[in-house]
file model-v1.txt (compact mmCIF, C-alpha atoms)
# COMPACT_ATOMS: atom_id res chain seq x y z
CA MET A 20 16.10 34.54 -9.28
CA LEU A 21 12.35 34.63 -8.98
CA ILE A 22 12.35 31.00 -7.86
CA PHE A 23 14.44 31.90 -4.82
CA TYR A 24 11.91 34.48 -3.67
CA VAL A 25 9.01 32.09 -4.22
CA LEU A 26 10.65 29.24 -2.31
CA LEU A 27 11.76 31.46 0.56
CA ALA A 28 8.25 32.90 0.85
CA PHE A 29 6.89 29.34 1.00
CA VAL A 30 9.35 28.42 3.75
CA LEU A 31 8.49 31.60 5.69
CA ILE A 32 4.76 30.97 5.51
CA ALA A 33 5.20 27.33 6.58
CA ALA A 34 7.37 28.41 9.51
CA LEU A 35 4.81 31.04 10.59
CA ILE A 36 2.03 28.47 10.55
CA ALA A 37 4.20 26.01 12.48
CA VAL A 38 4.85 28.59 15.17
CA GLU A 39 1.33 29.92 15.58
CA THR A 40 -1.00 26.96 15.25
CA LYS A 41 -2.47 25.41 18.37
CA ASP A 42 -2.49 21.77 17.31
CA LEU A 43 0.86 20.07 17.80
CA LEU A 44 0.53 17.62 14.94
CA SER A 45 -0.21 20.41 12.44
CA SER A 46 2.84 22.35 13.50
CA VAL A 47 5.08 19.30 13.11
CA ILE A 48 3.74 18.74 9.60
CA CYS A 49 4.28 22.41 8.73
CA LEU A 50 7.87 22.04 9.94
CA GLY A 51 8.21 19.17 7.49
CA ALA A 52 6.90 21.37 4.69
CA ALA A 53 9.42 24.07 5.59
CA GLY A 54 12.22 21.52 5.48
CA PHE A 55 11.20 20.27 2.05
CA GLY A 56 11.03 23.83 0.78
CA GLY A 57 14.53 24.33 2.07
CA ALA A 58 15.71 21.17 0.28
CA LEU A 59 14.25 22.47 -3.02
CA MET A 60 16.03 25.75 -2.41
CA PHE A 61 19.33 23.89 -1.96
CA LEU A 62 18.76 22.18 -5.29
CA PHE A 63 18.31 25.49 -7.07
CA LEU A 64 21.42 26.85 -5.38
CA TYR A 65 23.51 24.11 -7.08
CA ALA A 66 24.13 22.09 -3.90
CA PRO A 67 22.87 18.54 -4.65
CA ASP A 68 24.83 16.93 -1.78
CA ILE A 69 23.09 19.14 0.75
CA ALA A 70 19.68 18.63 -0.85
CA ILE A 71 19.90 14.85 -0.53
CA THR A 72 21.05 15.06 3.08
CA GLN A 73 18.40 17.63 4.01
CA VAL A 74 15.54 15.55 2.57
CA VAL A 75 16.54 12.37 4.37
CA VAL A 76 17.31 14.06 7.69
CA GLU A 77 13.98 15.89 7.43
CA VAL A 78 12.09 12.61 7.05
CA LEU A 79 13.79 11.06 10.06
CA SER A 80 13.27 14.09 12.28
CA LEU A 81 9.59 14.16 11.27
CA ILE A 82 9.30 10.53 12.36
CA ILE A 83 10.93 11.31 15.71
CA LEU A 84 8.74 14.37 16.37
CA ILE A 85 5.51 12.64 15.36
CA ARG A 86 6.41 9.77 17.64
CA VAL A 87 6.56 12.26 20.53
CA THR A 88 3.34 14.11 19.80
CA LEU A 89 1.04 11.44 18.46
CA SER A 90 1.02 9.02 21.35
CA ARG A 91 0.42 11.56 24.05
CA ASP A 92 -2.95 12.51 25.52
CA ILE A 93 -2.41 16.25 25.30
CA THR A 94 -2.18 17.47 21.72
CA THR A 95 -3.29 21.04 22.14
CA ILE A 96 -1.76 23.91 23.98
CA SER A 97 -3.71 25.85 26.53
CA GLY A 98 -3.09 28.54 29.07
CA GLU A 99 -3.17 32.29 29.00
CA ARG A 100 -0.35 34.40 27.66
CA GLU A 101 1.51 37.05 29.53
CA PHE A 102 0.93 40.09 27.39
CA PHE A 103 3.81 42.19 28.63
CA ALA A 104 6.41 39.47 28.04
CA VAL A 105 5.21 38.93 24.49
CA VAL A 106 5.39 42.64 23.65
CA VAL A 107 8.88 43.01 25.08
CA SER A 108 10.09 39.95 23.16
CA VAL A 109 8.64 41.23 19.89
CA VAL A 110 10.25 44.64 20.35
CA LEU A 111 13.63 43.10 21.13
CA LEU A 112 13.46 40.75 18.16
CA ALA A 113 12.47 43.56 15.81
CA SER A 114 15.52 45.54 16.90
CA VAL A 115 17.71 42.45 16.39
CA PHE A 116 16.27 42.09 12.89
CA LEU A 117 16.88 45.73 12.00
CA ALA A 118 20.45 45.57 13.31
CA GLY A 119 21.04 42.38 11.35
CA THR A 120 19.97 43.87 8.05
CA GLN A 121 22.67 46.51 8.44
CA ILE A 122 25.28 43.75 8.48
CA PHE A 123 24.15 42.48 5.11
CA THR A 124 25.27 45.67 3.42
CA GLN A 125 28.84 44.56 4.14
CA PHE A 126 28.39 41.24 2.36
CA PRO A 127 29.39 40.86 -1.29
CA GLU A 128 26.45 40.97 -3.62
CA PHE A 129 24.30 37.86 -3.92
CA GLY A 130 25.60 35.74 -6.80
CA ALA A 131 29.14 37.10 -6.92
CA PRO A 132 31.11 35.60 -4.06
CA LEU A 133 34.60 36.76 -3.25
CA PHE A 134 36.31 33.57 -4.30
CA ALA A 135 35.16 33.89 -7.92
CA THR A 136 37.77 36.52 -8.70
CA ALA A 137 40.48 35.37 -6.34
CA SER A 138 43.69 33.45 -6.77
CA PRO A 139 44.35 30.05 -5.22
CA GLU A 140 47.00 31.42 -2.91
CA THR A 141 44.67 33.64 -0.94
CA HIS A 142 41.35 31.82 -1.06
CA ALA A 143 41.03 28.24 0.04
CA SER A 144 37.92 27.53 -2.03
CA GLN A 145 39.69 28.33 -5.29
CA TYR A 146 42.57 26.05 -4.29
CA TYR A 147 40.23 23.17 -3.46
CA VAL A 148 38.28 23.58 -6.69
CA GLN A 149 41.36 23.69 -8.89
CA ASN A 150 43.48 21.00 -7.25
CA GLY A 151 40.82 18.70 -5.84
CA LEU A 152 40.80 16.08 -8.55
CA GLU A 153 44.56 15.51 -8.87
CA GLN A 154 45.45 15.67 -5.22
CA THR A 155 42.68 13.50 -3.85
CA GLY A 156 41.33 11.65 -6.87
CA ALA A 157 37.69 12.39 -5.96
CA ALA A 158 35.43 13.95 -8.56
CA ASN A 159 33.09 15.33 -5.88
CA ALA A 160 34.78 18.43 -4.50
CA VAL A 161 32.64 18.50 -1.36
CA ALA A 162 33.56 14.89 -0.49
CA ALA A 163 37.22 15.74 -1.05
CA ILE A 164 36.94 18.65 1.34
CA ILE A 165 35.14 16.88 4.15
CA LEU A 166 37.19 13.72 4.06
CA ASP A 167 40.61 14.77 2.90
CA TYR A 168 41.37 18.45 3.27
CA ARG A 169 39.27 18.98 6.39
CA GLY A 170 39.01 15.44 7.70
CA TYR A 171 39.59 16.47 11.30
CA ASP A 172 36.28 18.34 11.35
CA THR A 173 34.49 15.19 10.22
CA LEU A 174 36.08 13.26 13.05
CA GLY A 175 34.78 15.88 15.48
CA GLU A 176 31.34 15.65 13.93
CA ALA A 177 31.26 11.86 14.27
CA THR A 178 32.21 12.28 17.93
CA VAL A 179 29.43 14.80 18.53
CA LEU A 180 26.84 12.53 16.92
CA PHE A 181 28.07 9.56 18.95
CA THR A 182 27.92 11.52 22.20
CA SER A 183 24.43 12.91 21.59
CA ILE A 184 23.00 9.50 20.68
CA LEU A 185 24.73 8.00 23.71
CA GLY A 186 23.18 10.65 25.95
CA ALA A 187 19.73 10.14 24.49
CA SER A 188 19.97 6.35 24.92
CA VAL A 189 21.06 6.72 28.54
CA LEU A 190 18.15 9.07 29.24
CA LEU A 191 15.65 6.61 27.82
CA ARG A 192 16.77 3.59 29.78
CA LYS A 193 14.19 1.36 31.37
CA LYS A 194 15.84 0.89 34.73
CA ALA A 195 17.08 4.12 36.18
CA ARG A 196 19.77 4.35 38.79
CA ILE A 197 18.68 4.27 42.39
CA GLY A 198 18.42 7.80 43.67
CA ARG A 199 19.41 8.93 47.11
CA GLU A 200 15.86 9.02 48.43
CA ASP A 201 15.07 5.51 47.22
CA ARG A 202 17.94 3.82 49.00
CA PRO A 203 16.91 1.96 52.14
CA MET B 19 4.72 -2.21 19.03
CA LYS B 20 2.39 -3.98 16.66
CA GLY B 21 2.74 -3.86 12.92
CA MET B 22 0.44 -2.41 10.34
CA THR B 23 -2.15 -3.78 7.92
CA LEU B 24 -1.59 -6.54 5.38
CA ILE B 25 -1.16 -4.22 2.39
CA VAL B 26 1.54 -2.22 4.12
CA LYS B 27 3.35 -5.41 5.15
CA ASN B 28 3.39 -6.80 1.64
CA VAL B 29 4.57 -3.57 0.08
CA THR B 30 7.27 -3.24 2.74
CA ARG B 31 8.59 -6.68 2.00
CA TRP B 32 9.41 -5.58 -1.54
CA VAL B 33 10.42 -2.00 -0.92
CA LYS B 34 12.76 -2.30 2.04
CA ILE B 35 15.53 -4.00 0.10
CA LEU B 36 15.34 -1.28 -2.58
CA ILE B 37 15.77 1.44 0.04
CA PHE B 38 18.71 -0.45 1.50
CA LEU B 39 20.28 -0.81 -1.94
CA PHE B 40 19.81 2.89 -2.59
CA GLY B 41 21.58 3.72 0.67
CA VAL B 42 24.48 1.44 -0.24
CA TYR B 43 24.71 3.06 -3.69
CA ILE B 44 24.80 6.59 -2.29
CA THR B 45 27.53 5.57 0.15
CA PHE B 46 29.77 3.76 -2.30
CA PHE B 47 29.60 6.41 -5.03
CA GLY B 48 30.03 9.30 -2.62
CA HIS B 49 33.26 10.44 -4.20
CA LEU B 50 31.88 10.52 -7.75
CA SER B 51 28.37 11.90 -7.43
CA PRO B 52 26.47 13.77 -4.73
CA GLY B 53 25.86 11.89 -1.53
CA GLY B 54 28.48 10.49 0.74
CA GLY B 55 28.54 8.72 4.06
CA PHE B 56 26.05 10.87 5.97
CA ALA B 57 23.17 10.72 3.54
CA GLY B 58 23.80 7.02 2.86
CA GLY B 59 23.82 6.20 6.57
CA VAL B 60 20.55 8.02 7.20
CA ILE B 61 18.92 6.15 4.28
CA LEU B 62 20.11 2.82 5.71
CA ALA B 63 18.60 3.74 9.08
CA CYS B 64 15.35 4.71 7.33
CA SER B 65 15.03 1.27 5.76
CA TYR B 66 15.23 -0.37 9.17
CA VAL B 67 12.80 2.16 10.63
CA LEU B 68 10.34 1.19 7.87
CA LEU B 69 10.81 -2.46 8.78
CA THR B 70 10.13 -1.74 12.46
CA LEU B 71 7.05 0.39 11.80
CA ALA B 72 5.44 -2.01 9.35
CA MET B 73 6.21 -5.44 10.79
CA GLY B 74 6.32 -4.73 14.49
CA ARG B 75 9.27 -4.64 16.81
CA SER B 76 9.66 -8.40 17.23
CA ALA B 77 10.14 -9.00 13.51
CA ALA B 78 12.72 -6.24 13.33
CA ASP B 79 14.45 -7.65 16.38
CA GLU B 80 15.23 -10.90 14.58
CA ASN B 81 16.48 -8.97 11.59
CA LEU B 82 18.83 -6.61 13.42
CA PRO B 83 18.95 -7.04 17.21
CA ARG B 84 19.79 -4.12 19.40
CA SER B 85 23.18 -5.42 20.57
CA LEU B 86 24.34 -5.99 17.00
CA ALA B 87 23.35 -2.45 16.04
CA ALA B 88 25.30 -1.06 18.99
CA ARG B 89 28.35 -3.07 17.97
CA LEU B 90 28.12 -1.91 14.34
CA ASP B 91 28.00 1.65 15.59
CA CYS B 92 31.23 1.23 17.51
CA VAL B 93 32.87 -0.65 14.62
CA GLY B 94 32.09 2.25 12.31
CA ALA B 95 33.56 4.85 14.63
CA LEU B 96 36.69 2.79 15.30
CA LEU B 97 37.23 2.08 11.60
CA PHE B 98 37.10 5.79 10.87
CA LEU B 99 39.62 6.52 13.60
CA ALA B 100 41.89 3.65 12.52
CA THR B 101 41.94 4.91 8.93
CA ALA B 102 42.92 8.35 10.16
CA LEU B 103 45.64 7.03 12.44
CA ALA B 104 47.04 4.72 9.77
CA GLY B 105 48.29 7.79 7.96
CA LEU B 106 50.63 8.39 10.87
CA LEU B 107 52.82 5.56 9.61
CA TYR B 108 53.87 7.86 6.79
CA GLY B 109 55.44 10.59 8.82
CA ALA B 110 54.61 12.82 11.74
CA ALA B 111 52.20 15.14 9.91
CA GLY B 112 50.25 12.25 8.53
CA PHE B 113 47.00 12.32 10.50
CA PHE B 114 44.26 11.88 7.87
CA PHE B 115 46.90 11.58 5.22
CA ASN B 116 45.36 10.12 2.07
CA PHE B 117 48.08 7.51 1.84
CA LEU B 118 46.17 5.13 -0.42
CA HIS B 119 45.93 7.73 -3.11
CA GLN B 120 49.21 9.50 -2.80
CA ARG B 121 51.41 6.45 -2.41
CA PHE B 122 49.74 3.65 -4.28
CA LEU B 123 47.33 5.06 -6.81
CA ALA B 124 48.62 8.47 -7.82
CA ASP B 125 50.59 7.31 -10.85
CA LYS B 126 47.70 5.27 -12.25
CA ASP B 127 44.89 6.96 -14.10
CA THR B 128 41.95 6.12 -11.86
CA ALA B 129 39.76 9.19 -12.02
CA PHE B 130 35.96 8.63 -12.21
CA ARG B 131 36.22 4.97 -11.26
CA LEU B 132 34.70 3.30 -8.26
CA VAL B 133 38.05 2.20 -6.85
CA SER B 134 39.81 5.53 -6.61
CA ALA B 135 40.33 8.48 -4.30
CA GLY B 136 42.26 6.58 -1.66
CA ILE B 137 40.79 6.49 1.81
CA ILE B 138 37.67 8.47 0.88
CA PRO B 139 35.44 5.43 0.07
CA VAL B 140 36.70 3.64 3.20
CA CYS B 141 35.81 6.64 5.35
CA ASN B 142 32.42 6.91 3.65
CA ILE B 143 31.61 3.30 4.52
CA ALA B 144 32.70 3.79 8.15
CA ILE B 145 30.60 6.94 8.52
CA ALA B 146 27.55 5.28 6.94
CA LEU B 147 27.80 2.35 9.35
CA LYS B 148 28.10 4.68 12.30
CA VAL B 149 25.33 7.10 11.40
CA GLY B 150 22.91 4.38 10.32
CA ALA B 151 23.32 2.24 13.43
CA SER B 152 23.13 5.29 15.75
CA LEU B 153 19.91 6.61 14.27
CA PHE B 154 18.28 3.18 14.29
CA LEU B 155 19.21 2.79 17.98
CA ILE B 156 17.73 6.14 18.90
CA PHE B 157 14.52 5.29 17.06
CA LEU B 158 14.27 2.01 18.99
CA ALA B 159 14.84 3.79 22.30
CA LEU B 160 12.20 6.42 21.52
CA SER B 161 9.60 3.94 20.36
CA ALA B 162 9.84 1.88 23.52
CA PHE B 163 7.95 4.51 25.48
CA VAL B 164 4.22 4.19 25.99
CA PRO B 165 2.08 7.28 26.64
CA GLY B 166 1.05 8.60 29.99
CA PRO B 167 2.97 9.33 33.17
CA GLY B 168 3.59 6.48 35.55
CA ASP B 169 2.69 3.74 33.08
CA GLU B 170 4.64 0.57 32.67
CA VAL B 171 7.24 0.75 29.99
CA GLU B 172 6.86 -2.03 27.45
CA GLU B 173 10.04 -3.45 26.03
CA MET C 28 16.66 41.11 0.15
CA LEU C 29 17.12 37.33 0.15
CA TYR C 30 19.48 37.59 3.10
CA ALA C 31 16.87 39.65 4.95
CA MET C 32 14.28 36.92 4.39
CA CYS C 33 16.64 34.35 5.88
CA LEU C 34 17.16 36.60 8.88
CA LEU C 35 13.39 36.89 9.22
CA LEU C 36 13.18 33.09 9.33
CA LEU C 37 15.80 33.06 12.09
CA VAL C 38 13.88 35.70 14.07
CA ILE C 39 10.65 33.68 13.72
CA GLY C 40 12.40 30.64 15.16
CA LEU C 41 13.86 32.73 17.99
CA TYR C 42 10.41 34.16 18.79
CA CYS C 43 9.06 30.63 19.04
CA VAL C 44 11.80 29.60 21.48
CA LEU C 45 11.35 32.68 23.68
CA VAL C 46 7.60 33.06 23.89
CA LYS C 47 5.97 29.68 23.61
CA LYS C 48 5.16 27.56 26.64
CA ASN C 49 4.94 24.10 25.15
CA MET C 50 8.19 22.16 25.07
CA VAL C 51 7.56 20.60 21.68
CA LYS C 52 6.97 24.05 20.23
CA ILE C 53 10.36 25.12 21.60
CA ILE C 54 12.01 22.18 19.84
CA ILE C 55 10.23 23.16 16.60
CA GLY C 56 11.57 26.70 17.02
CA MET C 57 15.12 25.37 17.33
CA ALA C 58 14.67 23.38 14.13
CA ILE C 59 13.44 26.47 12.27
CA MET C 60 16.52 28.39 13.42
CA GLU C 61 18.76 25.62 12.09
CA TYR C 62 17.07 25.70 8.67
CA ALA C 63 17.59 29.45 8.49
CA VAL C 64 21.29 29.25 9.31
CA ASN C 65 21.96 26.48 6.76
CA LEU C 66 20.11 28.39 4.03
CA LEU C 67 22.05 31.56 4.75
CA LEU C 68 25.42 29.77 4.61
CA ILE C 69 24.73 28.20 1.23
CA MET C 70 23.29 31.40 -0.20
CA VAL C 71 26.53 33.21 0.60
CA GLY C 72 28.45 30.84 -1.64
CA PHE C 73 26.10 30.99 -4.61
CA ARG C 74 27.40 32.10 -7.98
CA VAL C 75 25.15 33.14 -10.85
CA GLY C 76 25.70 30.93 -13.88
CA GLY C 77 27.75 28.44 -11.88
CA GLN C 78 27.56 24.69 -11.70
CA ALA C 79 27.55 22.10 -8.94
CA PRO C 80 31.04 21.35 -7.54
CA ILE C 81 31.34 17.95 -9.24
CA VAL C 82 33.77 17.15 -12.03
CA LEU C 83 32.29 15.18 -14.91
CA PRO C 84 34.44 13.27 -17.45
CA ASN C 85 33.79 15.73 -20.26
CA ARG C 86 33.38 18.89 -18.25
CA PRO C 87 36.16 20.28 -16.03
CA LEU C 88 35.31 22.53 -13.15
CA THR C 89 35.68 26.11 -14.33
CA VAL C 90 32.70 28.02 -13.00
CA SER C 91 31.60 26.34 -9.81
CA VAL C 92 29.79 27.51 -6.72
CA ASP C 93 31.70 27.69 -3.45
CA PRO C 94 32.18 24.17 -2.07
CA LEU C 95 33.46 25.21 1.34
CA PRO C 96 30.14 26.37 2.88
CA GLN C 97 28.55 23.20 1.53
CA ALA C 98 31.05 21.11 3.47
CA LEU C 99 30.23 23.03 6.66
CA VAL C 100 26.47 22.74 6.19
CA LEU C 101 26.64 18.99 5.48
CA THR C 102 28.10 18.43 8.92
CA ALA C 103 25.69 20.87 10.55
CA ILE C 104 22.58 19.14 9.19
CA VAL C 105 23.55 15.77 10.64
CA ILE C 106 24.51 17.31 13.99
CA SER C 107 21.11 19.02 14.15
CA LEU C 108 19.50 15.59 13.94
CA GLY C 109 21.56 14.44 16.91
CA THR C 110 20.60 17.44 19.04
CA LEU C 111 16.95 17.02 18.07
CA ALA C 112 17.06 13.40 19.28
CA LEU C 113 18.62 14.44 22.58
CA SER C 114 16.13 17.25 23.25
CA VAL C 115 13.21 14.97 22.39
CA ALA C 116 14.56 12.41 24.89
CA VAL C 117 14.71 15.11 27.60
CA CYS C 118 11.17 16.19 26.66
CA ILE C 119 9.83 12.64 26.99
CA ARG C 120 11.48 12.20 30.37
CA ILE C 121 9.97 15.43 31.69
CA TYR C 122 6.55 14.33 30.45
CA GLU C 123 6.92 11.01 32.23
CA LYS C 124 7.70 12.76 35.51
CA TYR C 125 5.33 15.72 35.50
CA GLY C 126 2.54 14.70 33.17
CA THR C 127 2.54 17.88 31.14
CA PHE C 128 4.42 19.61 28.35
CA ASP C 129 3.86 23.07 29.80
CA ILE C 130 7.00 24.69 31.18
CA THR C 131 5.13 27.00 33.57
CA GLU C 132 3.44 24.01 35.22
CA ILE C 133 6.75 22.34 35.83
CA ARG C 134 7.94 25.17 38.00
CA ARG C 135 4.92 24.91 40.25
CA LEU C 136 4.85 21.18 40.84
CA ARG C 137 7.04 19.29 43.25
CA GLY C 138 10.53 19.00 41.86

call {"tool": "encode", "arguments": {"input": "model-v1.txt", "output": "structure tokens"}}
result
Amino acid sequence: MLIFYVLLAFVLIAALIAVETKDLLSSVICLGAAGFGGALMFLFLYAPDIAITQVVVEVLSLIILIRVTLSRDITTISGEREFFAVVVSVVLLASVFLAGTQIFTQFPEFGAPLFATASPETHASQYYVQNGLEQTGAANAVAAIILDYRGYDTLGEATVLFTSILGASVLLRKKARIGREDRP
Amino acid sequence: MKGMTLIVKNVTRWVKILIFLFGVYITFFGHLSPGGGFAGGVILACSYVLLTLAMGRSAADENLPRSLAARLDCVGALLFLATALAGLLYGAAGFFFNFLHQRFLADKDTAFRLVSAGIIPVCNIAIALKVGASLFLIFLALSAFVPGPGDEVEE
Amino acid sequence: MLYAMCLLLLVIGLYCVLVKKNMVKIIIGMAIMEYAVNLLLIMVGFRVGGQAPIVLPNRPLTVSVDPLPQALVLTAIVISLGTLALSVAVCIRIYEKYGTFDITEIRRLRG
């Protein structure tokens, strides 16, 4: 359990540096470090599928973000801060944090989820774990869930990815449409 | 976009096919070991991104032109949808029905083999095609922009 | 305690989105919030002494961690990449038009 605290502390420190530093390239690299810490944490939480996906997605998002920041003239952030707005935001966020920690007393204890002592009729996870191999033939229970038991969600996810990439490609076109003020 | 130095180009020439092979492995064995279509598709996109960054955009354009990548993207999405709709032939509640496993392969003992689990490998391949082509397209669109406001866009 | 640290990560990301003026910093804050949410979802399904939800030929699946949150998070990670690409495209377009990443400058210039 000690490894979870160490890795979460690493991710927290990397995120704090990413938020507070003035150089844009340093904060992007710290975001990458936070992502890799998260991927290690997934590995220790017995989720190898998620760890592989997180590492690769992290690399690609780092490439995209560095592409934005590196080739621009302005790489530092300037300007004065509004003191009152910062104080109000910090107070609000602290109250959100304190309210959130009260919710966690309702959770089951860490390491003993509800489905561990449940029957397959009431908890879906137990049903998928016990009947996954015979009903779908896949040894990977997570693949059986996302492509057989809950395949509709995967179709929705493919649609969302398609739409977002379509929107981004349209925004980055070379020839824009003629606006109303440019028409003769 | 120009390429990089000679050392990077030579290393890329050997390494890019290994990355591509790794992506194909993760996709095809998605139902037996961790991985699946999403991770495999992103790895495939990463191999083409490496090719573009190291060799320059013109070399990557001969390898995988932009129109072909857009068509592969659509083929992947349509293949996924067609596999889901093909289950409708087996009754009204058959959307995403794993008909290949339940009707043809259920009586054979095919656990832990590559050809098993019905439509799950087919869906993994479709998703990997779609995700890989999409992410490569967005990288091409983002890299076509040159810094500074009001500059000419190189293409 | 571990859940509270995840919530702290989420609050750090939210602080970055609310207070910072640079657009790229806002995008970084959104990414930090997504990491926090994915970590929290997988930590809820953890089981001490469990194993990964994969059946091996000589080891049936008796004590496994919860596979359902892992299925949700797998989809969420790939969607976060899509939204990151879209927000970066918007960011680049605004930079092309106004010449700055600062959101307070954008309000003052001609729209």

call {"tool": "residues_around", "arguments": {"input": "model-v1.txt", "residues": "Ile71 of chain A", "least_positions_apart": "2", "cutoff": "8 Å", "atoms": "all atoms listed in the file", "output": "list in words"}}
result
Ala58, Pro67, Asp68, Ile69, Gln73, Val74 and Val75 of chain A; Pro52, Gly53 and Ala57 of chain B

call {"tool": "residues_around", "arguments": {"input": "model-v1.txt", "residues": "Ala177 of chain A", "least_positions_apart": "2", "cutoff": "10 Å", "atoms": "all atoms listed in the file", "output": "PDB file with C-alpha atoms, in the coordinates of the input"}}
result
ATOM      1  CA  TYR A 171      39.590  16.470  11.300  1.00  0.00           C
ATOM      2  CA  ASP A 172      36.280  18.340  11.350  1.00  0.00           C
ATOM      3  CA  THR A 173      34.490  15.190  10.220  1.00  0.00           C
ATOM      4  CA  LEU A 174      36.080  13.260  13.050  1.00  0.00           C
ATOM      5  CA  GLY A 175      34.780  15.880  15.480  1.00  0.00           C
ATOM      6  CA  VAL A 179      29.430  14.800  18.530  1.00  0.00           C
ATOM      7  CA  LEU A 180      26.840  12.530  16.920  1.00  0.00           C
ATOM      8  CA  PHE A 181      28.070   9.560  18.950  1.00  0.00           C
ATOM      9  CA  THR A 182      27.920  11.520  22.200  1.00  0.00           C
TER      10      THR A 182
ATOM     11  CA  PHE B  56      26.050  10.870   5.970  1.00  0.00           C
ATOM     12  CA  GLY B  94      32.090   2.250  12.310  1.00  0.00           C
ATOM     13  CA  ALA B  95      33.560   4.850  14.630  1.00  0.00           C
ATOM     14  CA  PHE B  98      37.100   5.790  10.870  1.00  0.00           C
ATOM     15  CA  LEU B  99      39.620   6.520  13.600  1.00  0.00           C
ATOM     16  CA  ILE B 145      30.600   6.940   8.520  1.00  0.00           C
ATOM     17  CA  LYS B 148      28.100   4.680  12.300  1.00  0.00           C
ATOM     18  CA  VAL B 149      25.330   7.100  11.400  1.00  0.00           C
TER      19      VAL B 149
ATOM     20  CA  THR C 102      28.100  18.430   8.920  1.00  0.00           C
ATOM     21  CA  VAL C 105      23.550  15.770  10.640  1.00  0.00           C
ATOM     22  CA  ILE C 106      24.510  17.310  13.990  1.00  0.00           C
TER      23      ILE C 106
END

call {"tool": "atom_distance", "arguments": {"input": "model-v1.txt", "atom1": "atom CA of Thr40 of chain A", "atom2": "atom CA of Ile104 of chain C"}}
result
25.6 Å

call {"tool": "closest_residue", "arguments": {"input": "model-v1.txt", "among": "C:Ile81, C:Leu68, C:Val100, C:Thr89", "to": "chain B", "atoms": "all atoms listed in the file"}}
result
C:Ile81

call {"tool": "residues_around", "arguments": {"input": "model-v1.txt", "residues": "segment 20-34 of chain A", "least_positions_apart": "6", "cutoff": "6 Å", "atoms": "all atoms listed in the file", "output": "MDAnalysis selection string"}}
result
chainID A and resid 49 53 56

call {"tool": "residues_around", "arguments": {"input": "model-v1.txt", "residues": "Tyr30 of chain C", "least_positions_apart": "5", "cutoff": "10 Å", "atoms": "all atoms listed in the file", "output": "PDB file with C-alpha atoms, keeping the file's coordinate frame"}}
result
ATOM      1  CA  GLY A 119      21.040  42.380  11.350  1.00  0.00           C
ATOM      2  CA  THR A 120      19.970  43.870   8.050  1.00  0.00           C
ATOM      3  CA  PHE A 123      24.150  42.480   5.110  1.00  0.00           C
ATOM      4  CA  THR A 124      25.270  45.670   3.420  1.00  0.00           C
ATOM      5  CA  PHE A 126      28.390  41.240   2.360  1.00  0.00           C
ATOM      6  CA  PHE A 129      24.300  37.860  -3.920  1.00  0.00           C
TER       7      PHE A 129
ATOM      8  CA  LEU C  35      13.390  36.890   9.220  1.00  0.00           C
ATOM      9  CA  LEU C  36      13.180  33.090   9.330  1.00  0.00           C
ATOM     10  CA  ALA C  63      17.590  29.450   8.490  1.00  0.00           C
ATOM     11  CA  LEU C  66      20.110  28.390   4.030  1.00  0.00           C
ATOM     12  CA  LEU C  67      22.050  31.560   4.750  1.00  0.00           C
ATOM     13  CA  LEU C  68      25.420  29.770   4.610  1.00  0.00           C
ATOM     14  CA  MET C  70      23.290  31.400  -0.200  1.00  0.00           C
ATOM     15  CA  VAL C  71      26.530  33.210   0.600  1.00  0.00           C
TER      16      VAL C  71
END

call {"tool": "closest_residue", "arguments": {"input": "model-v1.txt", "among": "C:Ala112, C:Ile121, C:Met28, C:Ile133", "to": "Ile54 of chain C", "atoms": "all atoms listed in the file"}}
result
C:Ala112

call {"tool": "atom_distance", "arguments": {"input": "model-v1.txt", "atom1": "atom CA of Leu37 of chain C", "atom2": "atom CA of Met60 of chain C"}}
result
4.9 Å

call {"tool": "interface_residues", "arguments": {"input": "model-v1.txt", "of": "chain C", "to": "chain A", "cutoff": "6 Å", "atoms": "all atoms listed in the file", "output": "PyMOL selection string"}}
result
chain C and resi 72-75+79-82+94+98+101+109+113+116

call {"tool": "write_last_selection", "arguments": {"input": "model-v1.txt", "atoms": "C-alpha atoms", "output": "JSON list (two decimals), keeping the file's coordinate frame"}}
result
[["chain", "number", "residue", "atom", "x", "y", "z"],
["C", 72, "GLY", "CA", 28.45, 30.84, -1.64],
["C", 73, "PHE", "CA", 26.10, 30.99, -4.61],
["C", 74, "ARG", "CA", 27.40, 32.10, -7.98],
["C", 75, "VAL", "CA", 25.15, 33.14, -10.85],
["C", 79, "ALA", "CA", 27.55, 22.10, -8.94],
["C", 80, "PRO", "CA", 31.04, 21.35, -7.54],
["C", 81, "ILE", "CA", 31.34, 17.95, -9.24],
["C", 82, "VAL", "CA", 33.77, 17.15, -12.03],
["C", 94, "PRO", "CA", 32.18, 24.17, -2.07],
["C", 98, "ALA", "CA", 31.05, 21.11, 3.47],
["C", 101, "LEU", "CA", 26.64, 18.99, 5.48],
["C", 109, "GLY", "CA", 21.56, 14.44, 16.91],
["C", 113, "LEU", "CA", 18.62, 14.44, 22.58],
["C", 116, "ALA", "CA", 14.56, 12.41, 24.89]]

call {"tool": "atom_distance", "arguments": {"input": "model-v1.txt", "atom1": "atom CA of Lys48 of chain C", "atom2": "atom CA of Thr131 of chain C"}}
result
7.0 Å

call {"tool": "closest_residue", "arguments": {"input": "model-v1.txt", "among": "B:Ala146, B:Val133, B:Ile37, B:Val26", "to": "chain C", "atoms": "only C-alpha atoms"}}
result
B:Ala146

call {"tool": "closest_residue", "arguments": {"input": "model-v1.txt", "among": "C:Gly126, C:Gly77, C:Pro96, C:Gly56", "to": "chain B", "atoms": "only C-alpha atoms"}}
result
C:Gly126
